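Participant: Starting off with a structure, shown below.
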Amino acid sequence: MNGHQTSKIPFSGNSSLPSRSAPIAAPKLWNGERIAGNAILAIWLCAAVFLIWWLVSVWDSDLMAKYTPKYLKGLKTTLVLVGWSLVLGAVLSILIAFLRMSKNKLLGGIGYGYVYFFRGTPLITQLFLIYYGLGSFREELESVGLWGFFRDAWNCALFAFTLNTAAYQAEILRGAIESVTKDQWEGAKSLGLSKWQTYRHIVIPQAAIVALRPYGNEIILMLKASAIVALVTVFDLMGETRRAFSRTFDFQTYIYAALLYLSIVEIVRNVVNFVERRLTRHLQR
Amino acid sequence: MEAFELLSFGDAGWGDEIASGVLVTVALSLLTLPIGLFVGLLVALAKQSSEKTLRVSADIYTTIFRGLPELLTIFIVYFGLQIAVRNTALMLGFKTGFEINSFVAGMIALALVFSSYASEVFTSAFKAIPKGQYEGAHALGLSRSRTMYKIIFPQLIKISLPGLGNLWMILLKDTALISAIGLADIMRQTRIAAGVTKEAFMFYGIACLLFLVLALLSSIVFSRIEAATKRSEAYGEVEK
């Protein structure tokens with residue numbers, strides 16, 4: 001471009017040639033980054049090849065026949081547990097989010113305390129507190145007829161996960177609702193919309209888009225966190241894996257579990273991405 | 001009264017055992033943090049690279065360690081390293097009774113998880129730094145490493161601080177999982193105490209309280225650090 005323009009300068013008797021910009025230096029074929037990148041990629045490739053070779057070399061059709069149905073059953077347990085706790089947690093989170101946003105100091109404090117407790121302590125501690133800890137109140141629970149529920153590890157896990165994810169989802173919900181600016185509310189009011197109508201037609205559609213990605217992350221976090229139920233004798237995917245490993249001492253049991261978990265998480269992640277792209281079509285340029 | 005006795009220090013109570021568990025939890029988190037931050041920064045730099053192979057390698061890393069459940073990562077590192085070292089030793093022709101320390105295994109596993117999340121935080125912080133900062137540094141004749149060191153990193157730290165604060169809280173809570181491979185942290189010590197005394201609710205309640213206290217202390221420290229970085233901002237405004 002530059003060279004083209006300079007050549008247009010009319011010849012004015014000056015014998016010197018018109019100046020031209022220097023040619024762009026050709027990119028170096030091999031720089032440090034490229035060498036490092038190729039080396040690391042080669043390491044990943046070797047690791048993948050080694051893993052496949054190793055899995056093939058230790059292939060055991062008896063082991064496979066025995067444990068594949070168990071793994072699938074464990075996977076189903078994981079998905080059912082996570083699915084239910086996410087749904088129940090979503091219902092509970094609405095209540096907590098509104099407590100948290102309440103102008104009443106006591107209600108706001110309760111909401112804040114709930115969220116702080118469940119987000120500030122490890123899920124595994126909460127699970128142990130409920131599963132083992134509630135055993136200390138056996139007589140009281142028996143008298144109200146709840147002991148049958150809390151005696152079962154699966155129920156306790158569902159209960160703990162629901163309470164935990166409700167705290168996280170309440171924060172997502174609150175953040176999303178508060179991200180809708182005040183003028184939206186004022187506009188709705190000037191149009192004579194009721195509070196419920198404003199939520200239904202103005203706030204929730206905008207908040208939902210903001211909340212979409214955090215909700216997707218919460219699904220993935222719960223899927224991963226659910227592995228800890230294996231420590232309270234629930235045989236989810238992780239529990240079946242631990243059982244298989246303790247019986248066979250074969251490390252491939254863990255590798256197959258890892259592959260299963262990775263594929264589920266990747267599927268969920270891609271579905272969430274797809275849904276987000278689809279729902280935000282009107283925002284994309 | 002009974003609760004005081006159970007929590008007293010010494011032979012009769014569990015206070016000293018639980019206190020040592022707190023120390024282990026804090027030590028593990030504090031030692032994992034710098035490793036995780038360093039690796040995370042390297043991975044984030046790789047993701048920023050113009051070199052495609054480097055970007056792909058970094059993406060593989062984060063996909064794996066963000067996708068695996070933390071507990072599974074811990075087990076894989078713990079048993080995997082043990083088996084790998086034993087088999088390598090056998091191949092070289094000698095036998096070892098090698099057993100990996102659960103503290104070290106936990107540190108490696110948590111650093112893997114922490115660094116892959118931290119790399120995401122750093123990557124979005126990199127994106128928040130305008131291109132003009134690089135161009136300005138180039139115009140001043142700063143070399144690439146000096147640009148990074150003097151211009152980019154100070155801003156990067158400030159932008160990524162809230163995200164890193166969240167990751168620190170997650171790290172603190174994830175240490176509780178290491179008790180599954182036998183590390184004597186808060187979780188394991190309270191679990192033993194609960195098993196022996198049959199006071200499960202009280203001891204797990206104490207574990208929850210201890211984690212809440214740690215979270216509270218961390219948030220105080222973090223707000224101090226954030227205030228310190230904001231202070232430099234205020235000076236900048238004044239000088240303008």
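Going by the structure tokens order, chains are called A, B, ..., each with residues numbered from 1, while ligands are numbered from 1 in the order shown.
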Counting only C-alpha atoms, which residues of chain B fall within 6 Å of chain A, and what is the closest atom pair for each with its distance in Å at one decimal, ordered by chain and rising number, as a Markdown table?
Facilitator:
| residue | atom | partner | partner_atom | distance |
| --- | --- | --- | --- | --- |
| B:Glu51 | CA | A:Arg34 | CA | 6.0 |
| B:Thr53 | CA | A:Gly37 | CA | 4.8 |
| B:Leu54 | CA | A:Gly37 | CA | 4.0 |
| B:Ser57 | CA | A:Leu41 | CA | 5.4 |
| B:Gly67 | CA | A:Leu262 | CA | 5.2 |
| B:Leu68 | CA | A:Leu262 | CA | 5.8 |
| B:Pro69 | CA | A:Lys224 | CA | 4.2 |
| B:Lys173 | CA | A:Pro122 | CA | 4.7 |
| B:Ala200 | CA | A:Gly133 | CA | 4.5 |
| B:Phe201 | CA | A:Gly133 | CA | 3.6 |
| B:Tyr204 | CA | A:Leu129 | CA | 5.2 |
| B:Cys208 | CA | A:Thr121 | CA | 5.7 |
| B:Phe211 | CA | A:Thr121 | CA | 5.5 |
| B:Leu212 | CA | A:Gly120 | CA | 5.5 |
Participant: Thr62 in chain B: which residues within 9 Å, counting only C-alpha atoms, same-chain residues fewer than 2 positions away excluded, as a list in words?
Facilitator: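 Here the answer would be Val43, Ser57, Ala58, Asp59, Ile60, Ile64, Phe65, Arg66, Gly67, Leu112, Val113, Ser115, Ser116, Tyr117, Ser119 and Glu120 of chain B.
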Participant: Report, in Å with one decimal, the straight-line distance from CA of Ala125 in chain B to CA of Val180 in chain A.
Facilitator: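 Atom-to-atom, CA of Ala125 in chain B and CA of Val180 in chain A are spaced 24.4 Å apart.
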Participant: May I have the residues within 12 Å of Ala176 in chain B as a PyMOL selection string, using only C-alpha atoms and disregarding those fewer than 2 positions away in the same chain?
Facilitator: (chain A and resi 121-128+228) or (chain B and resi 21-22+24-26+28-29+70-71+74+103+106+110+169-174+178-191+204+207-208+210-211)
Participant: Do a neighbour search on range 76-80 of chain B at 7 Å with only C-alpha atoms, toss out local chain neighbours closer than 6 positions, and write the hits as an mmCIF file with C-alpha atoms, in the first residue's frame.
Facilitator:
data_model
loop_
_atom_site.group_PDB
_atom_site.id
_atom_site.type_symbol
_atom_site.label_atom_id
_atom_site.label_comp_id
_atom_site.auth_asym_id
_atom_site.auth_seq_id
_atom_site.Cartn_x
_atom_site.Cartn_y
_atom_site.Cartn_z
ATOM 1 C CA TYR A 254 -10.012 -45.552 38.114
ATOM 2 C CA ILE B 100 3.636 -41.772 48.617
ATOM 3 C CA ALA B 105 -0.218 -36.525 46.891
ATOM 4 C CA ALA B 109 -3.753 -33.156 43.165
#
Participant: Go ahead and compute the interatomic distance for CA of Ile177 in chain A and CA of Lys195 in chain A, in Å to one decimal.
Facilitator: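 Spanning CA of Ile177 in chain A to CA of Lys195 in chain A is a straight-line distance of 13.4 Å.
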Participant: Counting only C-alpha atoms, which residue out of B:Ile18, B:Leu7, B:Leu164, B:Val213 sits closest to Ile225 in chain B?
Facilitator: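 Result for the nearest residue to Ile225 in chain B: B:Leu164.
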Participant: Tell me, in Å to one decimal, how far CA of Trp84 in chain A is from CA of Ile110 in chain A.
Facilitator: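 If I compute the distance from CA of Trp84 in chain A to CA of Ile110 in chain A, I get 24.8 Å.
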Participant: Which of range 25-74 of chain A counts as alpha helix (DSSP H) under DSSP, as a PyMOL selection string please?
Facilitator: chain A and resi 32-57+61-74
